[in-house]
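Chemist: Input file: data_10.txt. Contents: compact mmCIF, C-alpha atoms.
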```txt
# COMPACT_ATOMS: atom_id res chain seq x y z
CA MET A 1 89.59 -10.37 -42.17
CA ALA A 2 86.52 -11.58 -40.25
CA SER A 3 86.99 -12.72 -36.66
CA ASP A 4 87.61 -16.36 -35.77
CA ARG A 5 84.63 -18.64 -36.58
CA ALA A 6 82.41 -15.59 -37.02
CA LEU A 7 78.93 -16.18 -38.43
CA TYR A 8 77.26 -13.91 -41.00
CA VAL A 9 73.94 -14.10 -42.80
CA VAL A 10 72.61 -12.27 -45.86
CA SER A 11 69.22 -12.74 -47.48
CA ASP A 12 67.10 -11.85 -50.51
CA VAL A 13 69.85 -10.48 -52.73
CA HIS A 14 67.49 -10.85 -55.72
CA GLY A 15 70.06 -10.60 -58.49
CA HIS A 16 71.79 -7.45 -57.17
CA LEU A 17 75.36 -8.70 -57.50
CA ASP A 18 77.00 -5.26 -57.28
CA LYS A 19 75.30 -4.40 -53.98
CA LEU A 20 76.23 -7.83 -52.62
CA THR A 21 79.92 -7.60 -53.43
CA VAL A 22 80.18 -4.11 -51.90
CA ALA A 23 78.50 -5.37 -48.73
CA LEU A 24 80.66 -8.49 -48.47
CA GLU A 25 83.82 -6.44 -48.92
CA ALA A 26 82.68 -3.98 -46.24
CA ALA A 27 82.11 -6.94 -43.88
CA GLY A 28 85.68 -8.14 -44.45
CA LEU A 29 84.65 -11.38 -46.12
CA ILE A 30 85.95 -10.71 -49.64
CA ASP A 31 88.65 -8.46 -51.06
CA GLY A 32 88.43 -5.95 -53.88
CA ASP A 33 88.88 -8.72 -56.43
CA GLY A 34 86.02 -10.75 -54.97
CA GLY A 35 88.26 -13.37 -53.35
CA TRP A 36 87.46 -14.92 -49.95
CA VAL A 37 89.39 -13.30 -47.08
CA GLY A 38 87.02 -14.37 -44.30
CA GLY A 39 89.32 -17.12 -43.01
CA ASN A 40 87.26 -19.69 -41.11
CA ALA A 41 84.16 -17.50 -40.85
CA ARG A 42 80.76 -18.89 -41.84
CA LEU A 43 78.61 -17.03 -44.41
CA TRP A 44 75.06 -18.19 -45.01
CA PHE A 45 72.70 -16.82 -47.63
CA LEU A 46 69.05 -17.29 -46.68
CA GLY A 47 67.66 -17.70 -50.19
CA ASP A 48 66.06 -15.66 -52.97
CA LEU A 49 69.22 -15.20 -55.02
CA PHE A 50 67.19 -14.61 -58.20
CA ASP A 51 64.56 -12.39 -59.78
CA ARG A 52 63.78 -8.67 -59.50
CA GLY A 53 67.46 -8.00 -60.29
CA THR A 54 69.50 -8.98 -63.33
CA ASP A 55 72.42 -11.13 -62.13
CA GLY A 56 71.21 -14.07 -60.07
CA ALA A 57 73.43 -16.29 -62.20
CA GLY A 58 76.42 -14.17 -61.19
CA ILE A 59 75.46 -14.54 -57.52
CA VAL A 60 75.26 -18.32 -57.84
CA GLY A 61 78.68 -18.37 -59.47
CA LEU A 62 80.09 -16.16 -56.72
CA ILE A 63 78.72 -18.31 -53.88
CA MET A 64 79.94 -21.53 -55.50
CA ARG A 65 83.43 -20.09 -55.88
CA LEU A 66 83.46 -18.62 -52.37
CA SER A 67 82.33 -21.98 -51.02
CA GLU A 68 85.49 -23.64 -52.34
CA GLU A 69 87.74 -20.79 -51.24
CA ALA A 70 86.21 -20.65 -47.76
CA LYS A 71 86.42 -24.42 -47.35
CA ALA A 72 90.16 -24.26 -48.00
CA GLU A 73 90.46 -21.86 -45.05
CA GLY A 74 88.18 -23.84 -42.75
CA GLY A 75 85.23 -21.53 -43.41
CA VAL A 76 81.79 -21.91 -44.98
CA ALA A 77 79.89 -20.11 -47.73
CA ASP A 78 76.52 -21.64 -48.56
CA SER A 79 72.89 -20.81 -49.27
CA LEU A 80 69.44 -21.94 -48.25
CA LEU A 81 66.61 -22.51 -50.70
CA GLY A 82 64.17 -19.60 -51.04
CA ASN A 83 60.73 -19.53 -52.61
CA HIS A 84 62.15 -17.72 -55.65
CA GLU A 85 64.56 -20.62 -56.23
CA VAL A 86 61.62 -23.05 -56.16
CA LEU A 87 59.68 -20.80 -58.55
CA MET A 88 62.62 -20.44 -60.94
CA LEU A 89 63.34 -24.17 -60.93
CA GLY A 90 59.64 -24.90 -61.42
CA ALA A 91 59.53 -22.57 -64.43
CA GLN A 92 62.52 -24.41 -65.90
CA ARG A 93 61.03 -27.82 -65.14
CA PHE A 94 57.38 -27.30 -66.11
CA GLY A 95 57.36 -24.14 -68.26
CA ALA A 96 53.83 -22.90 -68.97
CA GLU A 97 52.21 -26.27 -68.22
CA ASP A 98 48.88 -25.52 -66.55
CA LEU A 99 47.95 -26.93 -63.16
CA GLU A 100 44.31 -26.79 -62.12
CA ASP A 101 43.90 -26.71 -58.36
CA GLU A 102 40.96 -28.09 -56.39
CA ASP A 103 39.08 -24.82 -56.84
CA GLY A 104 39.44 -24.96 -60.61
CA ASN A 105 42.00 -22.15 -60.76
CA SER A 106 44.72 -22.48 -63.40
CA ARG A 107 48.31 -22.03 -62.23
CA ASN A 108 51.63 -22.36 -64.01
CA PHE A 109 55.16 -21.78 -62.87
CA ASP A 110 56.32 -19.78 -65.87
CA MET A 111 53.57 -17.19 -65.46
CA TRP A 112 54.11 -16.75 -61.74
CA TRP A 113 57.88 -16.64 -62.13
CA HIS A 114 57.63 -13.76 -64.58
CA LEU A 115 55.05 -11.99 -62.40
CA ASN A 116 57.52 -12.22 -59.52
CA GLY A 117 60.39 -10.66 -61.45
CA GLY A 118 61.81 -13.68 -63.28
CA GLN A 119 64.56 -12.81 -65.76
CA ASP A 120 64.90 -15.09 -68.80
CA ASP A 121 68.28 -13.69 -69.83
CA ASP A 122 69.65 -14.19 -66.33
CA VAL A 123 68.61 -17.83 -65.95
CA ALA A 124 69.85 -18.60 -69.48
CA LYS A 125 73.39 -17.93 -68.19
CA LEU A 126 73.19 -20.74 -65.62
CA THR A 127 75.13 -23.91 -66.35
CA ASP A 128 73.75 -27.37 -65.65
CA GLU A 129 76.16 -27.59 -62.72
CA GLN A 130 74.82 -24.35 -61.25
CA ILE A 131 71.19 -25.41 -61.72
CA ASN A 132 71.92 -28.66 -59.91
CA TRP A 133 73.69 -26.74 -57.12
CA VAL A 134 70.59 -24.60 -56.63
CA ARG A 135 68.36 -27.71 -56.50
CA ASN A 136 70.53 -29.19 -53.79
CA ARG A 137 70.43 -26.29 -51.36
CA PRO A 138 68.98 -27.07 -47.93
CA ALA A 139 65.76 -25.37 -46.86
CA MET A 140 66.83 -25.00 -43.22
CA ALA A 141 70.04 -25.07 -41.19
CA TYR A 142 71.00 -24.94 -37.53
CA VAL A 143 74.24 -22.99 -37.07
CA SER A 144 75.71 -22.00 -33.70
CA ASP A 145 72.33 -22.03 -31.91
CA HIS A 146 70.54 -20.10 -34.67
CA LEU A 147 67.72 -21.63 -36.69
CA LEU A 148 68.24 -20.34 -40.24
CA MET A 149 65.39 -20.39 -42.74
CA HIS A 150 64.20 -18.28 -45.63
CA THR A 151 60.57 -17.71 -44.78
CA ASP A 152 58.95 -16.40 -41.60
CA THR A 153 56.52 -19.30 -41.39
CA THR A 154 55.87 -22.52 -39.49
CA GLU A 155 55.18 -24.40 -42.73
CA TYR A 156 58.59 -26.12 -42.67
CA ALA A 157 57.24 -28.43 -39.96
CA ALA A 158 54.89 -30.00 -42.52
CA TYR A 159 57.91 -31.56 -44.28
CA GLY A 160 59.66 -33.42 -41.47
CA ARG A 161 60.31 -34.05 -37.79
CA ASN A 162 63.76 -32.48 -37.84
CA ILE A 163 65.95 -30.33 -40.06
CA SER A 164 67.52 -33.23 -41.93
CA ALA A 165 64.10 -34.75 -42.65
CA VAL A 166 62.74 -31.42 -43.91
CA ASN A 167 65.69 -30.98 -46.25
CA ARG A 168 65.48 -34.56 -47.54
CA THR A 169 61.76 -34.31 -48.23
CA ILE A 170 62.10 -31.02 -50.10
CA ARG A 171 65.00 -32.36 -52.16
CA LYS A 172 62.88 -35.36 -53.14
CA ILE A 173 60.08 -33.06 -54.27
CA LEU A 174 62.54 -31.11 -56.44
CA LYS A 175 63.73 -34.42 -57.85
CA SER A 176 60.21 -35.48 -58.77
CA GLY A 177 58.02 -34.63 -61.72
CA ASP A 178 54.97 -34.00 -59.54
CA HIS A 179 53.67 -30.58 -60.61
CA ASN A 180 51.20 -30.43 -57.71
CA ARG A 181 53.79 -31.10 -55.04
CA TRP A 182 56.16 -28.55 -56.55
CA TRP A 183 53.40 -25.95 -56.52
CA GLU A 184 52.45 -26.84 -52.95
CA LEU A 185 56.07 -26.34 -51.89
CA PHE A 186 56.24 -22.94 -53.57
CA ARG A 187 52.88 -21.98 -52.05
CA ARG A 188 53.94 -22.96 -48.54
CA LEU A 189 57.24 -21.09 -48.84
CA THR A 190 55.42 -17.86 -49.74
CA ILE A 191 53.44 -17.84 -46.48
CA ARG A 192 54.81 -15.16 -44.21
CA HIS A 193 54.35 -12.95 -41.12
CA ARG A 194 53.58 -15.96 -38.89
CA PHE A 195 55.63 -14.60 -36.02
CA GLU A 196 53.87 -11.24 -36.10
CA ALA A 197 50.50 -12.79 -35.25
CA GLU A 198 49.09 -12.46 -31.75
CA ASP A 199 50.44 -15.88 -30.90
CA GLY A 200 53.70 -15.24 -32.75
CA PRO A 201 55.97 -15.70 -29.72
CA ASP A 202 54.32 -19.04 -28.97
CA GLN A 203 54.75 -20.12 -32.58
CA ALA A 204 58.41 -19.04 -32.66
CA ALA A 205 59.11 -20.80 -29.37
CA ALA A 206 57.43 -23.96 -30.70
CA MET A 207 59.60 -23.87 -33.85
CA LEU A 208 62.74 -23.48 -31.76
CA ASP A 209 61.68 -26.26 -29.43
CA PHE A 210 60.90 -28.49 -32.42
CA PHE A 211 63.96 -27.81 -34.60
CA GLY A 212 66.50 -26.44 -32.09
CA GLY A 213 68.12 -23.08 -31.48
CA SER A 214 67.50 -19.99 -29.39
CA GLN A 215 66.65 -17.62 -32.25
CA ILE A 216 65.02 -17.85 -35.70
CA VAL A 217 66.81 -15.88 -38.43
CA HIS A 218 64.92 -15.29 -41.68
CA GLY A 219 64.49 -13.10 -44.75
CA HIS A 220 61.55 -13.08 -47.22
CA SER A 221 59.50 -10.26 -45.63
CA THR A 222 61.29 -6.99 -46.29
CA ILE A 223 62.03 -4.64 -43.42
CA PRO A 224 60.78 -1.59 -45.40
CA ASP A 225 57.40 -3.31 -45.81
CA ARG A 226 57.16 -4.41 -42.20
CA LEU A 227 58.14 -1.01 -40.75
CA GLY A 228 56.41 1.07 -43.42
CA ILE A 229 59.54 3.03 -44.30
CA PRO A 230 61.50 3.74 -47.52
CA GLY A 231 64.28 1.29 -48.25
CA ASP A 232 66.99 3.91 -47.79
CA GLN A 233 65.93 4.35 -44.16
CA VAL A 234 66.78 0.75 -43.21
CA ASN A 235 69.93 0.71 -41.12
CA GLY A 236 70.06 -2.82 -39.78
CA ALA A 237 68.31 -6.10 -39.09
CA ARG A 238 64.95 -6.15 -37.30
CA LEU A 239 64.70 -7.99 -33.97
CA TYR A 240 61.10 -8.75 -32.95
CA CYS A 241 58.74 -11.35 -31.47
CA ASP A 242 60.11 -11.05 -27.91
CA ASP A 243 63.64 -11.19 -29.39
CA LEU A 244 63.05 -14.74 -30.63
CA VAL A 245 63.14 -13.75 -34.31
CA LEU A 246 65.57 -11.71 -36.42
CA ASN A 247 64.61 -10.43 -39.89
CA VAL A 248 67.63 -9.69 -42.11
CA ASP A 249 65.90 -8.77 -45.41
CA GLY A 250 66.86 -5.13 -45.98
CA GLY A 251 64.72 -4.87 -49.13
CA VAL A 252 67.48 -4.61 -51.73
CA TYR A 253 65.06 -4.38 -54.65
CA GLN A 254 63.14 -1.64 -52.81
CA GLY A 255 66.20 0.55 -52.51
CA GLY A 256 67.26 -0.89 -49.17
CA PRO A 257 70.73 -2.06 -48.16
CA CYS A 258 72.20 -5.49 -48.72
CA LEU A 259 72.55 -6.45 -45.07
CA VAL A 260 75.44 -8.73 -44.14
CA VAL A 261 74.49 -9.40 -40.53
CA PRO A 262 76.91 -10.82 -37.95
CA LEU A 263 75.30 -13.23 -35.49
CA PRO A 264 76.55 -13.97 -31.98
CA VAL A 265 78.36 -17.28 -31.64
CA PRO A 266 77.92 -18.96 -28.25
CA ASP A 267 80.77 -20.83 -26.60
CA SER A 268 78.69 -23.99 -26.74
CA ALA A 269 75.31 -25.00 -28.11
CA LEU A 270 72.52 -24.16 -25.67
CA HIS A 271 69.79 -26.42 -26.99
CA GLN A 272 69.38 -30.00 -28.08
CA PHE A 273 67.19 -31.15 -30.95
CA PRO A 274 64.19 -32.89 -29.36
CA SER A 275 63.61 -34.90 -32.53
CA GLU A 276 67.06 -35.10 -34.16
CA GLU A 277 68.71 -38.49 -34.09
CA THR A 278 72.38 -38.04 -33.20
CA ASP A 279 75.11 -40.42 -32.08
CA SER A 280 75.86 -38.45 -28.92
CA GLY A 281 74.27 -35.96 -26.61
CA ASP A 282 76.28 -33.10 -28.07
CA GLU A 283 74.60 -30.64 -30.38
CA PRO A 284 76.30 -30.49 -33.78
CA GLU A 285 77.46 -27.00 -34.67
CA THR A 286 75.85 -27.07 -38.10
CA VAL A 287 73.00 -29.32 -39.17
CA VAL A 288 71.82 -29.68 -42.76
CA ALA A 289 70.79 -32.71 -44.78
CA GLU A 290 73.45 -34.64 -46.64
CA GLU A 291 73.68 -33.38 -50.20
CA GLU A 292 72.49 -35.69 -52.95
CA ASP A 293 72.52 -35.28 -56.69
CA VAL A 294 69.00 -34.43 -57.86
CA ALA A 295 69.77 -33.68 -61.48
CA ASP A 296 67.77 -36.75 -62.56
CA GLU A 297 64.02 -36.37 -62.64
CA ALA A 298 63.12 -39.91 -61.57
CA ASP A 299 62.36 -41.38 -58.12
CA ASP A 300 59.14 -39.63 -57.11
CA THR A 301 58.76 -39.23 -53.37
CA THR A 302 55.77 -40.67 -51.55
CA GLU A 303 56.21 -38.69 -48.33
CA ASP A 304 53.12 -36.64 -47.49
CA ALA A 305 53.69 -32.90 -47.26
CA GLY A 306 50.24 -32.41 -45.75
CA THR A 307 47.34 -30.17 -46.71
CA PRO A 308 47.49 -26.45 -45.84
CA GLU A 309 44.65 -24.76 -43.99
CA ALA A 310 44.85 -21.38 -45.69
CA GLU A 311 45.84 -19.93 -49.05
CA ALA A 312 49.35 -18.45 -49.19
CA GLU A 313 50.13 -14.89 -50.04
CA THR A 314 51.80 -14.49 -53.42
CA GLU A 315 54.50 -11.89 -53.84
CA ALA A 316 53.02 -10.66 -57.12
CA GLU A 317 49.93 -9.38 -55.28
CA ASP A 318 52.03 -7.71 -52.55
CA LYS A 319 49.38 -8.23 -49.90
CA GLU A 320 48.05 -10.98 -47.70
CA LYS A 321 45.17 -12.92 -49.24
CA ALA A 322 44.50 -14.96 -46.11
CA ALA A 323 45.88 -15.62 -42.67
CA PRO A 324 48.70 -18.20 -42.44
CA ALA A 325 47.83 -21.73 -41.41
CA GLU A 326 46.98 -21.95 -37.74
CA GLU A 327 48.87 -25.17 -37.11
CA THR A 328 51.63 -25.13 -34.52
CA ALA A 329 55.19 -26.13 -35.30
CA LYS A 330 54.57 -29.56 -33.80
CA SER A 331 51.43 -30.32 -35.80
```
Could you write out this file's structure as structure tokens?

Modeler:
Amino acid sequence: MASDRALYVVSDVHGHLDKLTVALEAAGLIDGDGGWVGGNARLWFLGDLFDRGTDGAGIVGLIMRLSEEAKAEGGVADSLLGNHEVLMLGAQRFGAEDLEDEDGNSRNFDMWWHLNGGQDDDVAKLTDEQINWVRNRPAMAYVSDHLLMHTDTTEYAAYGRNISAVNRTIRKILKSGDHNRWWELFRRLTIRHRFEAEDGPDQAAAMLDFFGGSQIVHGHSTIPDRLGIPGDQVNGARLYCDDLVLNVDGGVYQGGPCLVVPLPVPDSALHQFPSEETDSGDEPETVVAEEEDVADEADDTTEDAGTPEAEAETEAEDKEKAAPAEETAKS
């Protein structure tokens, strides 16, 4: 059994259910039958549950079940929203409907989802309840002084002044029928490598100052790619950017391990949210937006997500097309 109130993260499982269950059992969070034995531990997935592998639906079912089992023991099992979730949901919502951007280029979710490893048979297994669960996942979370997010980017700051605002805005976009805003969200969540730029430490520090926490924890950019090594040579998470950022994407679909990474849990929160409205001066242990049902497709949001300054890298091309936006986390 995991230690008291322990915190674990796992990211970018990409449909590899077998690798995930082996890793969770090795971490002492589930037993051989797949049941929760983590007690009151917290387990957070950092997104990209789908595509490239064949059983994203099975992973969603597992997390939903573990969430109920963990809750009964005082624990947590939950997931953030990754760019592959946005892409999959967009393909389901808009299909092959074409979107012409300001440069006259034609985009559609279905095409890009398939180019990025989308699996029709896998998504067909999802129930309406599971689809709605995916739509409702938060994009960011603050847990025990760690800022959890899927993508190594500052783009989250374009969607709100604090974590709850970011999550509310993104949920409203996923509730809307606005093709352009959906695509913009997917595009922003594919931007990566922001904290590896020359000013990366400044950008990471600005994000932490803006949203709270002493360390950013992310997936999205695989460790094999970043270190230039085969997947089977990855043996742990990657700490970088003056130790302000931890990458936990082991590159499962590249032959790397499914990393279930334990994070240190401080005795008390070390930072306060500079822009989070709370009822007291105490930092809440976990901050996410309140969950709302977004199964309906009405109620378009009017909040402005902003205009990006550079084109995002797409995973299908497997290379950077342009530098990430140069805005700071407070812009």

Chemist: Per residue of region 140-259 of chain A within 10 Å of region 28-44 of chain A, which atom pair is closest and at what distance in Å (one decimal), using all atoms listed in the file, listed by chain and increasing number, as a tab-separated table?

Modeler:
```
residue	atom	partner	partner_atom	distance
A:Ala141	CA	A:Trp44	CA	9.3
A:Val143	CA	A:Arg42	CA	9.1
A:Leu148	CA	A:Trp44	CA	8.6
```

Chemist: How many Å separate CA of Met140 (chain A) from CA of Val217 (chain A)?

Modeler: 10.3 Å

Chemist: One number please: CA of Arg65 (chain A) to CA of Gly213 (chain A), in Å, one decimal.

Modeler: 29.0 Å

Chemist: Using all atoms listed in the file, which of the listed residues (A:Gly15, A:Gly256, A:Gly160, A:Gly90) sits closest to Asp121 (chain A)?

Modeler: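 Closest residue, counting all atoms listed in the file: A:Gly15.
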
Chemist: Would you mind listing what lies within 8 Å of region 45-49 of chain A as a short mmCIF file (atom, residue, chain, number, x, y, z; two decimals) with C-alpha atoms, in the frame of the given file, with only C-alpha atoms counted and same-chain residues fewer than 5 positions away left out?

Modeler:
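Saved file around01.cif follows:
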```cif
data_model
loop_
_atom_site.label_atom_id
_atom_site.label_comp_id
_atom_site.auth_asym_id
_atom_site.auth_seq_id
_atom_site.Cartn_x
_atom_site.Cartn_y
_atom_site.Cartn_z
CA VAL A 9 73.94 -14.10 -42.80
CA VAL A 10 72.61 -12.27 -45.86
CA SER A 11 69.22 -12.74 -47.48
CA ASP A 12 67.10 -11.85 -50.51
CA VAL A 13 69.85 -10.48 -52.73
CA HIS A 14 67.49 -10.85 -55.72
CA GLY A 15 70.06 -10.60 -58.49
CA GLY A 56 71.21 -14.07 -60.07
CA ILE A 59 75.46 -14.54 -57.52
CA VAL A 60 75.26 -18.32 -57.84
CA ALA A 77 79.89 -20.11 -47.73
CA ASP A 78 76.52 -21.64 -48.56
CA SER A 79 72.89 -20.81 -49.27
CA LEU A 80 69.44 -21.94 -48.25
CA LEU A 81 66.61 -22.51 -50.70
CA GLY A 82 64.17 -19.60 -51.04
CA ASN A 83 60.73 -19.53 -52.61
CA HIS A 84 62.15 -17.72 -55.65
CA GLU A 85 64.56 -20.62 -56.23
CA LEU A 148 68.24 -20.34 -40.24
CA MET A 149 65.39 -20.39 -42.74
CA HIS A 150 64.20 -18.28 -45.63
CA HIS A 218 64.92 -15.29 -41.68
CA GLY A 219 64.49 -13.10 -44.75
CA HIS A 220 61.55 -13.08 -47.22
#
```

Chemist: With all atoms listed in the file as the basis for distance, which of A:Val252, A:Val76, A:Asp202, A:Phe94 is at the shortest distance from Asp51 (chain A)?

Modeler: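 Closest residue, counting all atoms listed in the file: A:Val252.
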
Chemist: As a PDB file with C-alpha atoms, in the coordinates of the input, please: the residues near region 108-115 of chain A (cut-off 8 Å, only C-alpha atoms, same-chain neighbours under 5 positions excluded).

Modeler:
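Result file is part-v7.pdb:
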```
ATOM      1  CA  HIS A  84      62.150 -17.720 -55.650  1.00  0.00           C
ATOM      2  CA  LEU A  87      59.680 -20.800 -58.550  1.00  0.00           C
ATOM      3  CA  MET A  88      62.620 -20.440 -60.940  1.00  0.00           C
ATOM      4  CA  GLY A  90      59.640 -24.900 -61.420  1.00  0.00           C
ATOM      5  CA  ALA A  91      59.530 -22.570 -64.430  1.00  0.00           C
ATOM      6  CA  GLN A  92      62.520 -24.410 -65.900  1.00  0.00           C
ATOM      7  CA  PHE A  94      57.380 -27.300 -66.110  1.00  0.00           C
ATOM      8  CA  GLY A  95      57.360 -24.140 -68.260  1.00  0.00           C
ATOM      9  CA  ALA A  96      53.830 -22.900 -68.970  1.00  0.00           C
ATOM     10  CA  GLU A  97      52.210 -26.270 -68.220  1.00  0.00           C
ATOM     11  CA  ASP A  98      48.880 -25.520 -66.550  1.00  0.00           C
ATOM     12  CA  LEU A  99      47.950 -26.930 -63.160  1.00  0.00           C
ATOM     13  CA  TRP A 183      53.400 -25.950 -56.520  1.00  0.00           C
ATOM     14  CA  ALA A 316      53.020 -10.660 -57.120  1.00  0.00           C
TER      15      ALA A 316
END
```

Chemist: Which residue is closest to Arg168 (chain A)? Choose from A:His193, A:Arg137, A:Arg188, A:Arg93 and count all atoms listed in the file.

Modeler: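 Checking each of A:His193, A:Arg137, A:Arg188, A:Arg93 against Arg168 (chain A), counting all atoms listed in the file, the winner is A:Arg137.
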
Chemist: Using all atoms listed in the file, which of A:Asp4, A:Ala158, A:Arg52, A:Asp178 sits nearest Asn116 (chain A)?

Modeler: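 When distances to Asn116 (chain A) are compared using all atoms listed in the file, the smallest one comes from A:Arg52.
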
Chemist: Mind listing as an NGL selection string all residues within 8 Å of (59.8, -29.9, -37.8), counting only C-alpha atoms?

Modeler: :A and (156-163 or 166 or 207 or 210-211 or 329-330)

Chemist: Counting only C-alpha atoms, find the residues whose atoms lie at most 12 Å from (60.1, -7.0, -42.3) (file coordinates) and write them out as a VMD selection string.

Modeler: chain A and resid 11 to 12 151 to 152 192 to 196 217 to 229 231 234 236 to 241 245 to 251 256

Chemist: Just how far from CA of Thr169 (chain A) is CA of Phe50 (chain A), in Å to one decimal?

Modeler: 22.7 Å

Chemist: Of the candidates A:Asp18, A:Asp55, A:Asp145, A:Asp122, which shows the shortest atom-to-atom distance to Leu208 (chain A), using all atoms listed in the file?

Modeler: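 Ranked by minimum distance to Leu208 (chain A), first place goes to A:Asp145.
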
Chemist: Give the answer as one residue: which of A:Asn180, A:Pro257, A:Gly75, A:Val265 has the shortest atom-to-atom distance to His16 (chain A), using all atoms listed in the file?

Modeler: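 Distance minimum relative to His16 (chain A) lands on A:Pro257.
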